[in-house]
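One structure below.
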Amino acid sequence: MSETESLMTAGPAPIPGDAHGRGMREHAQPRGSLREAWGHRELLFFLAWRDVKVRYKQTALGVLWAVIQPLFTMVLFTVLFGRFAKLSSDGVPRPIFYFSALLPWTYLSNTVSAASMSLVSNSNLLTKIYFPRFMLPAAVVLSGLMDFLIGSALLVGFILYYHVGVGWSLLLWPLLVAQMALLGLTIGLFLSAVNVQYRDVKYAIPFVVQLWMFITPVIYPVSMIPKAYRPLLAINPAAGLIEAFRHAIVPSSPVQWNLLGISTVTTILGFVGALAFFKRTESAFADII
Amino acid sequence: MTTPNSIEIQALCKRYRLGTGHRTGQLREQLMHLFRPRADESREEDILWALRDISFTVPEGEVVGIIGRNGAGKSTLLKILSRITQPTTGSIQVRGRVASLLEVGTGFHEELTGRENIYLNGSILGMRRREIERHFDAIVEFSGLSQFVDTPIKRFSSGMRLRLGFAVAAHLDPDVLIVDEVLAVGDAGFQKKCISAMEDLRSGGRTVLFVSHNMAAVENLCSRGIWIDKGQLRLDGTSKEVIRAYLGSYSGEEAGAQELQIEGRGGSGEVRFTRVELRALDGAPAPIIQSGDGLVIRMHFRAERRVERPAFTVRLYSSMGTLIADTSTGLHNVAIPATGPGDGYVDLELERLNLVSGRYTLMFKVEGGVEGRVWDEDVRCYLDVEPSADTGTVRPLNSRHGLVYFSQRWKINGAAAQVEFDDARRVDAALG
């Protein structure tokens, strides 16, 4: 159900809509307008709420799964890369070093995977009812934050346990979370739209995400990368972001503003591009899905 | 005109491209296009005009029934009106809050409880949270499921789901309601409830667009009828006259017959099929064929000379070309006496057509004589089967549910399982 008037045109110009005097405005609510999205804002929360509700239904461990993935990976990384391979952790206690990066990384990889499938896996909705289509990937982005928050509580536990002195840089944290969600939304919007037509996305995602982790400073600190190669690293918008997550917790070294700045700019530009692409393709979703 | 229009449709066209490359989408094929000239881009046979030049207006408060055969474009029209898909050309204006009900319980989630699904479904249908809260008790009461609101709906029977879904939909408060064939399912009592809910909307001055194969329901509910045929608006008038014309288009001797193609036939030609008629078991022309109907396939033929021992074969194929059934007079040891020269017909009577809705192909063959030659073969006509309540299911069955269905009973540990609704009966019975 859409609020007030709706109007769709294609090809020939529409007939003037003032004939009957009750304010039939043309283009009152073109598809995908901000006003329309605002009218459907509650749906976004209901879809996100559905994802959260359903995610751990009928699992024995329930919400524990939200922390199991980053926690076990952290333990493994600490032993493998810390103890055995002796990779640098910039002097940060290794559990915190890995966990603070794994938390946003887990969010990103899970969100990108789930958001890319969000249109296709809800094809019954797409073909039966109209609502702004971007709500589906956006709901995934939103619902993933629940797991992220639960994991963050665990991170607080680590910080207290290791007596890490947090500083003012912790204020950066909420901004980083926002940027992380925006990055997830950007990639999710783009890939979900591509996935409607090209199911290749489904096969590409698992291994691309895996490769993506290696070019993101999750296992290693940026300081390990030779200076000459850092501009290359900066191309990856997750790089500066993940590194900043670490610095926000443990201000052992100054925040790499240039890396983070590049990440912010590319994320915002990417979002604008992805949104434009999504809006250009969404009108055909129901026909080709 | 005194009442303003709530729907204005102008020169509406919708084109679908059928080619495999665009629909199933492999990136590789798209990349190949870069290297090959796009000669096949607009091949005529790849394009389907689902709707061609449709124009009409609906004044506020009118209840319009849209009728037509399967594949005529009714559902496409509804999808465009409910903004699910966009027209290729032409314009549409809809004034006011639009609720479209192309399915009952869209977006229900198995794992969520009845209560949670009421919120989710209501929200998907466009209700505000406060609206849902306000109507919540009424919705539960309408559904009659108050003791199950906190049970996950995966434990619900299909009938309970249907009731819950419709209960939510009945509490939408739209200015324009678009309904597709939801009455084809459910038992008579349920259908009566749906119809009275729609009548409430009508008396409340709301605009309703209603697609149905159920002529009784259309005639009772709608003041106006629109007949869509092969993507075009065939007739627009009072529901009575449109229904009469629609049914009439099948009942004439000529109109009821299916044309048979001339080219591509095999055989020596001593006997040729001239046309095929589809009739009901009582011999009346069958205007529409629904799942579960009895069917008489009448094959008219012309024999050039007197022929001995003709044998007829009828094969039924799915739209994907799967052979569903093959039967013949020879197989059933039916002896047909010598016939011709001249015209004649042979009837194949089928007690109950338990095919799911969709388009099927019938293939005919006639052979015989002492030497057993094939006289005519590869003769085709379409068989369109419309959904019906006969399948006893909450949703109309289509190709996703296979090709055929069986009348069935479920038992648990030897005891009959409870069915929420009796086997679905036609709404005609409920109304009549």
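By convention here, the chains of the structure tokens are called A, B, ... in the order presented, each chain's residues are numbered starting at 1, and ligands are numbered starting at 1 in the order presented.
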
* Would you mind listing what lies within 7 Å of segment 234-246 of chain A as an MDAnalysis selection string, with only C-alpha atoms counted and same-chain residues fewer than 2 positions away left out? => chainID A and resid 97 100:101 104 173 176 216:217 230:232 248:250 255 259:260 262:263 266:267

With a distance threshold of 8 Å and counting only C-alpha atoms, extract the residues of chain B near chain A and express them as a compact mmCIF listing (two decimals) with all heavy atoms, in the first residue's frame.
```txt
# COMPACT_ATOMS: atom_id res chain seq x y z
N PRO B 4 -14.80 11.91 -8.85
CA PRO B 4 -13.46 11.89 -9.44
C PRO B 4 -13.00 10.47 -9.71
O PRO B 4 -13.50 9.52 -9.10
CB PRO B 4 -12.60 12.54 -8.35
CG PRO B 4 -13.38 12.39 -7.09
CD PRO B 4 -14.82 12.32 -7.46
N ASN B 5 -12.10 10.35 -10.63
CA ASN B 5 -11.57 9.02 -10.95
C ASN B 5 -10.53 8.60 -9.94
O ASN B 5 -9.68 9.40 -9.55
CB ASN B 5 -10.92 9.03 -12.34
CG ASN B 5 -11.97 9.09 -13.41
OD1 ASN B 5 -13.11 8.70 -13.21
ND2 ASN B 5 -11.57 9.62 -14.56
N GLN B 10 -3.99 4.94 -19.31
CA GLN B 10 -3.94 5.53 -20.64
C GLN B 10 -2.94 4.79 -21.50
O GLN B 10 -1.75 4.75 -21.19
CB GLN B 10 -3.54 7.01 -20.50
CG GLN B 10 -3.58 7.80 -21.77
CD GLN B 10 -4.99 8.30 -22.06
OE1 GLN B 10 -5.91 8.07 -21.28
NE2 GLN B 10 -5.15 8.94 -23.19
N TYR B 16 7.17 -8.16 -22.55
CA TYR B 16 8.15 -9.01 -21.90
C TYR B 16 9.06 -9.59 -22.97
O TYR B 16 8.63 -9.92 -24.05
CB TYR B 16 7.48 -10.17 -21.16
CG TYR B 16 6.86 -9.77 -19.85
CD1 TYR B 16 5.50 -9.61 -19.72
CD2 TYR B 16 7.66 -9.55 -18.75
CE1 TYR B 16 4.93 -9.25 -18.52
CE2 TYR B 16 7.11 -9.19 -17.54
CZ TYR B 16 5.74 -9.04 -17.43
OH TYR B 16 5.20 -8.68 -16.23
N HIS B 22 18.12 -13.14 -21.18
CA HIS B 22 17.76 -12.04 -20.29
C HIS B 22 17.04 -12.52 -19.05
O HIS B 22 17.07 -11.87 -18.04
CB HIS B 22 16.87 -11.05 -21.04
CG HIS B 22 17.65 -10.18 -21.94
ND1 HIS B 22 18.16 -8.98 -21.52
CD2 HIS B 22 18.05 -10.35 -23.20
CE1 HIS B 22 18.84 -8.43 -22.50
NE2 HIS B 22 18.78 -9.24 -23.54
N ARG B 23 16.38 -13.63 -19.16
CA ARG B 23 15.57 -14.02 -18.02
C ARG B 23 16.36 -14.76 -16.96
O ARG B 23 16.25 -14.49 -15.79
CB ARG B 23 14.38 -14.84 -18.48
CG ARG B 23 13.38 -13.99 -19.23
CD ARG B 23 12.15 -14.77 -19.53
NE ARG B 23 11.40 -15.04 -18.32
CZ ARG B 23 10.53 -14.19 -17.79
NH1 ARG B 23 10.33 -13.03 -18.34
NH2 ARG B 23 9.87 -14.51 -16.71
N THR B 24 17.15 -15.73 -17.40
CA THR B 24 17.85 -16.50 -16.38
C THR B 24 19.22 -15.92 -16.09
O THR B 24 19.85 -16.29 -15.13
CB THR B 24 17.99 -17.96 -16.79
OG1 THR B 24 18.54 -17.99 -18.10
CG2 THR B 24 16.65 -18.65 -16.78
N GLY B 25 19.65 -15.00 -16.96
CA GLY B 25 20.78 -14.17 -16.62
C GLY B 25 22.09 -14.84 -16.31
O GLY B 25 22.42 -15.11 -15.17
N GLN B 26 22.85 -15.14 -17.29
CA GLN B 26 24.21 -15.56 -17.05
C GLN B 26 25.11 -14.44 -17.55
O GLN B 26 24.96 -13.97 -18.67
CB GLN B 26 24.52 -16.85 -17.83
CG GLN B 26 23.83 -18.06 -17.26
CD GLN B 26 24.50 -18.54 -15.99
OE1 GLN B 26 25.70 -18.76 -15.97
NE2 GLN B 26 23.73 -18.68 -14.93
N LEU B 27 26.01 -14.06 -16.71
CA LEU B 27 26.89 -12.95 -17.05
C LEU B 27 27.66 -13.26 -18.34
O LEU B 27 27.89 -12.40 -19.18
CB LEU B 27 27.87 -12.71 -15.90
CG LEU B 27 28.65 -11.41 -15.93
CD1 LEU B 27 27.72 -10.23 -15.99
CD2 LEU B 27 29.53 -11.32 -14.70
N LYS B 79 -0.48 -6.25 -11.54
CA LYS B 79 0.88 -5.99 -11.05
C LYS B 79 1.33 -4.59 -11.39
O LYS B 79 2.05 -3.95 -10.62
CB LYS B 79 1.85 -7.00 -11.67
CG LYS B 79 1.80 -8.33 -10.96
CD LYS B 79 2.91 -9.25 -11.38
CE LYS B 79 2.91 -10.47 -10.48
NZ LYS B 79 3.95 -11.43 -10.88
N SER B 82 -0.49 -2.25 -9.01
CA SER B 82 0.04 -2.26 -7.65
C SER B 82 1.53 -1.94 -7.63
O SER B 82 2.18 -2.15 -6.62
CB SER B 82 -0.27 -3.59 -6.96
OG SER B 82 -0.08 -4.65 -7.82
N ARG B 83 2.05 -1.45 -8.75
CA ARG B 83 3.41 -0.91 -8.85
C ARG B 83 4.50 -1.97 -8.68
O ARG B 83 5.65 -1.64 -8.46
CB ARG B 83 3.65 0.20 -7.82
CG ARG B 83 2.64 1.32 -7.95
CD ARG B 83 3.29 2.63 -7.68
NE ARG B 83 3.66 2.79 -6.28
CZ ARG B 83 4.52 3.70 -5.87
NH1 ARG B 83 5.13 4.47 -6.72
NH2 ARG B 83 4.80 3.81 -4.59
N ILE B 84 4.13 -3.24 -8.78
CA ILE B 84 5.16 -4.27 -8.68
C ILE B 84 6.04 -4.25 -9.91
O ILE B 84 7.24 -4.42 -9.85
CB ILE B 84 4.49 -5.65 -8.48
CG1 ILE B 84 3.83 -5.69 -7.12
CG2 ILE B 84 5.51 -6.77 -8.64
CD1 ILE B 84 2.83 -6.79 -6.97
N THR B 85 5.41 -4.03 -11.05
CA THR B 85 6.18 -3.93 -12.27
C THR B 85 5.76 -2.66 -13.00
O THR B 85 4.71 -2.10 -12.69
CB THR B 85 5.99 -5.20 -13.14
OG1 THR B 85 6.79 -5.07 -14.31
CG2 THR B 85 4.55 -5.38 -13.53
N GLN B 86 6.59 -2.22 -13.91
CA GLN B 86 6.29 -0.96 -14.58
C GLN B 86 5.85 -1.19 -16.02
O GLN B 86 6.30 -2.13 -16.66
CB GLN B 86 7.53 -0.07 -14.56
CG GLN B 86 7.77 0.51 -13.18
CD GLN B 86 8.81 1.59 -13.19
OE1 GLN B 86 9.93 1.36 -13.62
NE2 GLN B 86 8.45 2.76 -12.72
N PRO B 87 4.97 -0.32 -16.52
CA PRO B 87 4.54 -0.49 -17.91
C PRO B 87 5.67 -0.14 -18.87
O PRO B 87 6.56 0.63 -18.52
CB PRO B 87 3.39 0.50 -18.03
CG PRO B 87 3.63 1.52 -16.97
CD PRO B 87 4.34 0.83 -15.86
N THR B 88 5.62 -0.75 -20.05
CA THR B 88 6.61 -0.42 -21.06
C THR B 88 6.32 0.97 -21.62
O THR B 88 7.20 1.82 -21.72
CB THR B 88 6.59 -1.47 -22.18
OG1 THR B 88 6.66 -2.76 -21.58
CG2 THR B 88 7.77 -1.30 -23.11
N THR B 89 5.06 1.20 -21.98
CA THR B 89 4.64 2.55 -22.36
C THR B 89 3.26 2.79 -21.77
O THR B 89 2.58 1.87 -21.34
CB THR B 89 4.55 2.71 -23.90
OG1 THR B 89 3.61 1.78 -24.39
CG2 THR B 89 5.89 2.52 -24.58
N GLY B 90 2.86 4.05 -21.81
CA GLY B 90 1.55 4.39 -21.29
C GLY B 90 1.65 4.88 -19.87
O GLY B 90 2.73 4.90 -19.28
N SER B 91 0.52 5.32 -19.33
CA SER B 91 0.58 5.87 -17.98
C SER B 91 -0.56 5.36 -17.14
O SER B 91 -1.61 4.95 -17.63
CB SER B 91 0.55 7.40 -18.03
OG SER B 91 -0.76 7.83 -18.28
N ILE B 92 -0.32 5.39 -15.87
CA ILE B 92 -1.30 4.93 -14.90
C ILE B 92 -1.33 5.92 -13.76
O ILE B 92 -0.28 6.37 -13.31
CB ILE B 92 -0.86 3.56 -14.35
CG1 ILE B 92 -1.38 2.46 -15.24
CG2 ILE B 92 -1.35 3.35 -12.95
CD1 ILE B 92 -1.43 1.15 -14.55
N GLN B 93 -2.50 6.30 -13.33
CA GLN B 93 -2.58 7.11 -12.13
C GLN B 93 -3.58 6.48 -11.19
O GLN B 93 -4.69 6.15 -11.59
CB GLN B 93 -3.02 8.54 -12.49
CG GLN B 93 -2.02 9.22 -13.39
CD GLN B 93 -2.35 10.67 -13.61
OE1 GLN B 93 -2.77 11.37 -12.70
NE2 GLN B 93 -2.15 11.12 -14.83
N VAL B 94 -3.14 6.33 -9.98
CA VAL B 94 -4.02 5.78 -8.96
C VAL B 94 -4.06 6.78 -7.83
O VAL B 94 -3.02 7.24 -7.38
CB VAL B 94 -3.50 4.42 -8.45
CG1 VAL B 94 -4.46 3.83 -7.44
CG2 VAL B 94 -3.29 3.45 -9.59
N ARG B 95 -5.25 7.13 -7.41
CA ARG B 95 -5.37 8.13 -6.38
C ARG B 95 -5.71 7.46 -5.05
O ARG B 95 -6.63 6.65 -4.97
CB ARG B 95 -6.46 9.13 -6.74
CG ARG B 95 -6.45 10.37 -5.89
CD ARG B 95 -7.79 11.04 -5.91
NE ARG B 95 -8.30 11.09 -7.27
CZ ARG B 95 -8.24 12.20 -8.03
NH1 ARG B 95 -7.74 13.29 -7.55
NH2 ARG B 95 -8.72 12.18 -9.24
N GLY B 96 -4.97 7.82 -4.03
CA GLY B 96 -5.28 7.32 -2.70
C GLY B 96 -4.41 6.16 -2.30
O GLY B 96 -3.50 5.75 -3.01
N ARG B 97 -4.70 5.65 -1.13
CA ARG B 97 -3.95 4.51 -0.61
C ARG B 97 -4.33 3.26 -1.37
O ARG B 97 -5.49 2.92 -1.46
CB ARG B 97 -4.29 4.32 0.87
CG ARG B 97 -3.14 4.65 1.78
CD ARG B 97 -3.62 4.81 3.20
NE ARG B 97 -3.89 3.51 3.83
CZ ARG B 97 -3.35 3.15 5.00
NH1 ARG B 97 -2.49 3.94 5.60
NH2 ARG B 97 -3.65 2.01 5.55
N VAL B 98 -3.35 2.59 -1.92
CA VAL B 98 -3.61 1.39 -2.70
C VAL B 98 -3.19 0.18 -1.89
O VAL B 98 -2.09 0.13 -1.36
CB VAL B 98 -2.80 1.41 -4.01
CG1 VAL B 98 -3.13 0.18 -4.83
CG2 VAL B 98 -3.09 2.66 -4.79
N ALA B 99 -4.08 -0.79 -1.77
CA ALA B 99 -3.69 -2.06 -1.17
C ALA B 99 -3.86 -3.13 -2.23
O ALA B 99 -4.89 -3.20 -2.88
CB ALA B 99 -4.58 -2.37 0.03
N SER B 100 -2.82 -3.91 -2.43
CA SER B 100 -3.00 -4.98 -3.40
C SER B 100 -2.85 -6.30 -2.70
O SER B 100 -1.97 -6.50 -1.87
CB SER B 100 -2.01 -4.83 -4.55
OG SER B 100 -0.70 -4.88 -4.09
N LEU B 101 -3.74 -7.17 -3.04
CA LEU B 101 -3.81 -8.47 -2.39
C LEU B 101 -3.71 -9.50 -3.50
O LEU B 101 -4.69 -10.01 -4.00
CB LEU B 101 -5.15 -8.57 -1.67
CG LEU B 101 -5.26 -9.53 -0.52
CD1 LEU B 101 -4.19 -9.26 0.50
CD2 LEU B 101 -6.63 -9.42 0.10
N LEU B 102 -2.47 -9.75 -3.93
CA LEU B 102 -2.29 -10.72 -5.01
C LEU B 102 -2.11 -12.10 -4.42
O LEU B 102 -2.07 -13.08 -5.13
CB LEU B 102 -1.06 -10.35 -5.86
CG LEU B 102 -1.05 -8.93 -6.43
CD1 LEU B 102 0.02 -8.78 -7.48
CD2 LEU B 102 -2.40 -8.56 -7.01
N GLU B 103 -2.02 -12.16 -3.12
CA GLU B 103 -1.78 -13.41 -2.44
C GLU B 103 -2.18 -13.18 -0.99
O GLU B 103 -2.00 -12.08 -0.48
CB GLU B 103 -0.29 -13.72 -2.53
CG GLU B 103 0.14 -15.04 -1.98
CD GLU B 103 1.66 -15.15 -2.01
OE1 GLU B 103 2.33 -14.40 -1.29
OE2 GLU B 103 2.15 -15.97 -2.77
N THR B 106 1.13 -12.65 2.27
CA THR B 106 2.43 -12.37 1.69
C THR B 106 3.44 -12.03 2.78
O THR B 106 3.19 -11.18 3.62
CB THR B 106 2.35 -11.17 0.73
OG1 THR B 106 1.37 -11.46 -0.25
CG2 THR B 106 3.67 -10.93 0.03
N GLY B 107 4.56 -12.72 2.75
CA GLY B 107 5.62 -12.40 3.69
C GLY B 107 5.50 -13.10 5.04
O GLY B 107 6.30 -12.85 5.93
N GLU B 111 8.67 -19.30 11.10
CA GLU B 111 9.19 -19.41 12.46
C GLU B 111 8.53 -18.44 13.42
O GLU B 111 8.66 -18.58 14.63
CB GLU B 111 10.71 -19.15 12.47
CG GLU B 111 11.53 -20.13 11.65
CD GLU B 111 11.66 -21.48 12.32
OE1 GLU B 111 11.32 -21.59 13.51
OE2 GLU B 111 12.07 -22.43 11.63
N LEU B 112 7.85 -17.44 12.88
CA LEU B 112 7.26 -16.43 13.75
C LEU B 112 5.87 -16.85 14.20
O LEU B 112 5.20 -17.65 13.55
CB LEU B 112 7.20 -15.08 13.01
CG LEU B 112 8.54 -14.49 12.59
CD1 LEU B 112 8.34 -13.20 11.82
CD2 LEU B 112 9.44 -14.25 13.80
N TYR B 119 1.83 -8.55 12.67
CA TYR B 119 2.58 -7.29 12.55
C TYR B 119 3.39 -7.24 11.28
O TYR B 119 3.40 -6.23 10.57
CB TYR B 119 3.49 -7.10 13.78
CG TYR B 119 2.74 -6.51 14.95
CD1 TYR B 119 2.18 -7.31 15.92
CD2 TYR B 119 2.60 -5.13 15.05
CE1 TYR B 119 1.47 -6.77 16.97
CE2 TYR B 119 1.90 -4.57 16.11
CZ TYR B 119 1.34 -5.40 17.07
OH TYR B 119 0.63 -4.84 18.11
N LEU B 120 4.08 -8.34 10.98
CA LEU B 120 4.94 -8.36 9.80
C LEU B 120 4.12 -8.22 8.53
O LEU B 120 4.40 -7.36 7.67
CB LEU B 120 5.72 -9.68 9.78
CG LEU B 120 6.71 -9.83 8.62
CD1 LEU B 120 7.81 -8.80 8.73
CD2 LEU B 120 7.31 -11.23 8.63
N SER B 123 2.51 -4.83 8.16
CA SER B 123 3.50 -3.83 7.79
C SER B 123 3.86 -3.95 6.31
O SER B 123 4.01 -2.95 5.61
CB SER B 123 4.73 -4.00 8.68
OG SER B 123 5.77 -3.21 8.23
N ILE B 124 3.99 -5.19 5.83
CA ILE B 124 4.31 -5.40 4.42
C ILE B 124 3.17 -4.89 3.54
O ILE B 124 3.39 -4.32 2.48
CB ILE B 124 4.61 -6.89 4.16
CG1 ILE B 124 5.99 -7.23 4.72
CG2 ILE B 124 4.55 -7.22 2.68
CD1 ILE B 124 6.30 -8.70 4.74
N LEU B 125 1.94 -5.07 4.01
CA LEU B 125 0.80 -4.60 3.25
C LEU B 125 0.63 -3.09 3.34
O LEU B 125 -0.24 -2.52 2.71
CB LEU B 125 -0.48 -5.29 3.71
CG LEU B 125 -0.59 -6.78 3.36
CD1 LEU B 125 -1.80 -7.40 4.04
CD2 LEU B 125 -0.67 -6.97 1.86
N GLY B 126 1.43 -2.46 4.18
CA GLY B 126 1.42 -1.00 4.21
C GLY B 126 0.74 -0.39 5.41
O GLY B 126 0.46 0.81 5.43
N MET B 127 0.44 -1.19 6.41
CA MET B 127 -0.18 -0.61 7.60
C MET B 127 0.89 -0.04 8.53
O MET B 127 1.99 -0.55 8.59
CB MET B 127 -0.97 -1.69 8.37
CG MET B 127 -2.24 -2.13 7.69
SD MET B 127 -2.87 -3.64 8.41
CE MET B 127 -4.09 -2.98 9.52
N ARG B 128 0.49 1.00 9.23
CA ARG B 128 1.38 1.56 10.25
C ARG B 128 1.29 0.71 11.50
O ARG B 128 0.28 0.07 11.75
CB ARG B 128 0.96 2.99 10.57
CG ARG B 128 1.18 3.95 9.45
CD ARG B 128 2.66 4.21 9.28
NE ARG B 128 2.96 4.85 8.01
CZ ARG B 128 2.92 6.16 7.82
NH1 ARG B 128 2.59 6.95 8.80
NH2 ARG B 128 3.23 6.66 6.65
N ARG B 129 2.35 0.76 12.30
CA ARG B 129 2.37 -0.03 13.52
C ARG B 129 1.19 0.32 14.43
O ARG B 129 0.53 -0.55 14.99
CB ARG B 129 3.68 0.19 14.27
CG ARG B 129 3.94 -0.81 15.37
CD ARG B 129 5.37 -0.73 15.81
NE ARG B 129 5.69 0.63 16.26
CZ ARG B 129 5.57 1.04 17.52
NH1 ARG B 129 5.16 0.21 18.45
NH2 ARG B 129 5.86 2.27 17.86
N PRO B 174 -7.89 0.71 2.66
CA PRO B 174 -7.38 1.38 1.47
C PRO B 174 -8.46 2.20 0.77
O PRO B 174 -9.65 2.00 1.01
CB PRO B 174 -6.98 0.20 0.59
CG PRO B 174 -7.98 -0.86 0.94
CD PRO B 174 -8.38 -0.64 2.38
```

* **Who sits within 8 Å of Trp49 of chain B, only C-alpha atoms, same chain under 3 positions skipped, as a list in words** => Cys13, Lys14, Arg15, Tyr16, Arg52 and Gly231 of chain B

* To do: Write down as a ChimeraX atom specification the residues belonging to segment 2-232 of chain A that are assigned helix (DSSP H, G or I) by DSSP computed on the backbone.
  => /A:34-39,41-55,62-84,94-121,123-126,135-161,168-197,200-214,222-224,227-232

* **Who sits within 10 Å of segment 241-248 of chain B, only C-alpha atoms, same chain under 2 positions skipped, as a ChimeraX atom specification** => /B:65-69,215-216,218-219,224-229,234-239,250-252,255-256,285-288

Expected file contents, prior selection, C-alpha atoms, as a CSV table (one decimal), in the first residue's frame:
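Printed below is result_31.csv as written:
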```
chain,number,residue,atom,x,y,z
B,65,GLY,CA,-14.4,-7.2,-12.1
B,66,ILE,CA,-11.6,-8.1,-14.6
B,67,ILE,CA,-12.1,-11.3,-16.5
B,68,GLY,CA,-10.3,-13.2,-19.2
B,69,ARG,CA,-8.6,-16.4,-19.8
B,215,MET,CA,-18.3,-15.5,-12.7
B,216,ALA,CA,-20.8,-15.8,-9.9
B,218,VAL,CA,-17.8,-11.2,-10.2
B,219,GLU,CA,-21.5,-10.8,-11.1
B,224,ARG,CA,-18.8,-3.2,-14.0
B,225,GLY,CA,-16.8,-5.8,-15.9
B,226,ILE,CA,-13.7,-5.5,-18.0
B,227,TRP,CA,-12.8,-8.3,-20.3
B,228,ILE,CA,-9.1,-8.6,-21.2
B,229,ASP,CA,-8.3,-10.8,-24.1
B,234,ARG,CA,-12.1,-6.6,-25.4
B,235,LEU,CA,-15.2,-5.3,-23.7
B,236,ASP,CA,-16.0,-2.8,-20.9
B,237,GLY,CA,-19.5,-2.6,-19.6
B,238,THR,CA,-21.8,-3.8,-16.8
B,239,SER,CA,-20.6,-7.0,-15.3
B,250,TYR,CA,-16.7,-19.8,-26.1
B,251,SER,CA,-20.2,-21.3,-26.6
B,252,GLY,CA,-20.6,-20.6,-30.3
B,255,ALA,CA,-15.7,-19.9,-31.1
B,256,GLY,CA,-15.6,-23.0,-28.9
B,285,PRO,CA,-19.3,-26.0,-24.7
B,286,ALA,CA,-16.9,-25.5,-21.9
B,287,PRO,CA,-16.2,-21.7,-21.6
B,288,ILE,CA,-13.4,-22.3,-19.2
```

* Going by DSSP on the backbone, which bits of segment 68-111 of chain B are strand (DSSP E or B)? Write them as a PyMOL selection string, please. => chain B and resi 89-94+98-101

Filtering to C-alpha atoms, could you give me those residues as an mmCIF file, in the first residue's frame?
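File written: selection_37.cif
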```cif
data_model
loop_
_atom_site.group_PDB
_atom_site.id
_atom_site.type_symbol
_atom_site.label_atom_id
_atom_site.label_comp_id
_atom_site.auth_asym_id
_atom_site.auth_seq_id
_atom_site.Cartn_x
_atom_site.Cartn_y
_atom_site.Cartn_z
ATOM 1 C CA THR B 89 4.643 2.546 -22.361
ATOM 2 C CA GLY B 90 1.546 4.386 -21.289
ATOM 3 C CA SER B 91 0.582 5.873 -17.984
ATOM 4 C CA ILE B 92 -1.299 4.929 -14.897
ATOM 5 C CA GLN B 93 -2.583 7.114 -12.131
ATOM 6 C CA VAL B 94 -4.017 5.776 -8.964
ATOM 7 C CA VAL B 98 -3.613 1.392 -2.697
ATOM 8 C CA ALA B 99 -3.695 -2.059 -1.170
ATOM 9 C CA SER B 100 -2.997 -4.976 -3.399
ATOM 10 C CA LEU B 101 -3.811 -8.470 -2.394
#
```

* Can you work out the spacing between atom CA of Ser6 of chain B and atom CA of Val58 of chain B in Å, to one decimal? => 5.9 Å

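Straight-line separation from atom CA of Gly292 of chain B to atom CA of Val104 of chain B: 22.7 Å.
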
* Skip segment 142-156 of chain B itself and residues of its chain fewer than 5 positions away, then list as a list in words all residues within 7 Å of it, counting only C-alpha atoms. => Glu110, Glu111, Leu112, Thr113, Gly114, Arg115, Arg161, Arg163, Leu164 and Ala167 of chain B

Residues as selected, N, CA and C atoms, written as a PDB file, in the first residue's frame, can you do that?
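The resulting file, result33.pdb, is reproduced below:
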```pdb
ATOM      1  N   GLU B 110       7.475 -18.632   8.620  1.00  0.00           N
ATOM      2  CA  GLU B 110       7.158 -19.892   9.308  1.00  0.00           C
ATOM      3  C   GLU B 110       7.527 -19.882  10.786  1.00  0.00           C
ATOM      4  N   GLU B 111       8.672 -19.304  11.097  1.00  0.00           N
ATOM      5  CA  GLU B 111       9.195 -19.409  12.456  1.00  0.00           C
ATOM      6  C   GLU B 111       8.527 -18.435  13.418  1.00  0.00           C
ATOM      7  N   LEU B 112       7.852 -17.440  12.883  1.00  0.00           N
ATOM      8  CA  LEU B 112       7.265 -16.426  13.749  1.00  0.00           C
ATOM      9  C   LEU B 112       5.866 -16.851  14.204  1.00  0.00           C
ATOM     10  N   THR B 113       5.439 -16.292  15.320  1.00  0.00           N
ATOM     11  CA  THR B 113       4.126 -16.641  15.853  1.00  0.00           C
ATOM     12  C   THR B 113       3.038 -15.906  15.077  1.00  0.00           C
ATOM     13  N   GLY B 114       1.815 -16.296  15.359  1.00  0.00           N
ATOM     14  CA  GLY B 114       0.686 -15.635  14.717  1.00  0.00           C
ATOM     15  C   GLY B 114       0.710 -14.139  14.987  1.00  0.00           C
ATOM     16  N   ARG B 115       0.976 -13.783  16.230  1.00  0.00           N
ATOM     17  CA  ARG B 115       1.015 -12.371  16.605  1.00  0.00           C
ATOM     18  C   ARG B 115       2.083 -11.631  15.808  1.00  0.00           C
ATOM     19  N   ARG B 161      -3.577 -20.539   8.303  1.00  0.00           N
ATOM     20  CA  ARG B 161      -2.761 -19.480   7.698  1.00  0.00           C
ATOM     21  C   ARG B 161      -3.577 -18.560   6.819  1.00  0.00           C
ATOM     22  N   ARG B 163      -6.759 -18.024   6.996  1.00  0.00           N
ATOM     23  CA  ARG B 163      -7.652 -17.183   7.793  1.00  0.00           C
ATOM     24  C   ARG B 163      -6.906 -16.014   8.401  1.00  0.00           C
ATOM     25  N   LEU B 164      -5.705 -16.299   8.890  1.00  0.00           N
ATOM     26  CA  LEU B 164      -4.903 -15.235   9.490  1.00  0.00           C
ATOM     27  C   LEU B 164      -4.558 -14.178   8.442  1.00  0.00           C
ATOM     28  N   ALA B 167      -7.533 -12.165   7.545  1.00  0.00           N
ATOM     29  CA  ALA B 167      -7.941 -11.299   8.652  1.00  0.00           C
ATOM     30  C   ALA B 167      -7.136 -10.000   8.641  1.00  0.00           C
TER      31      ALA B 167
END
```
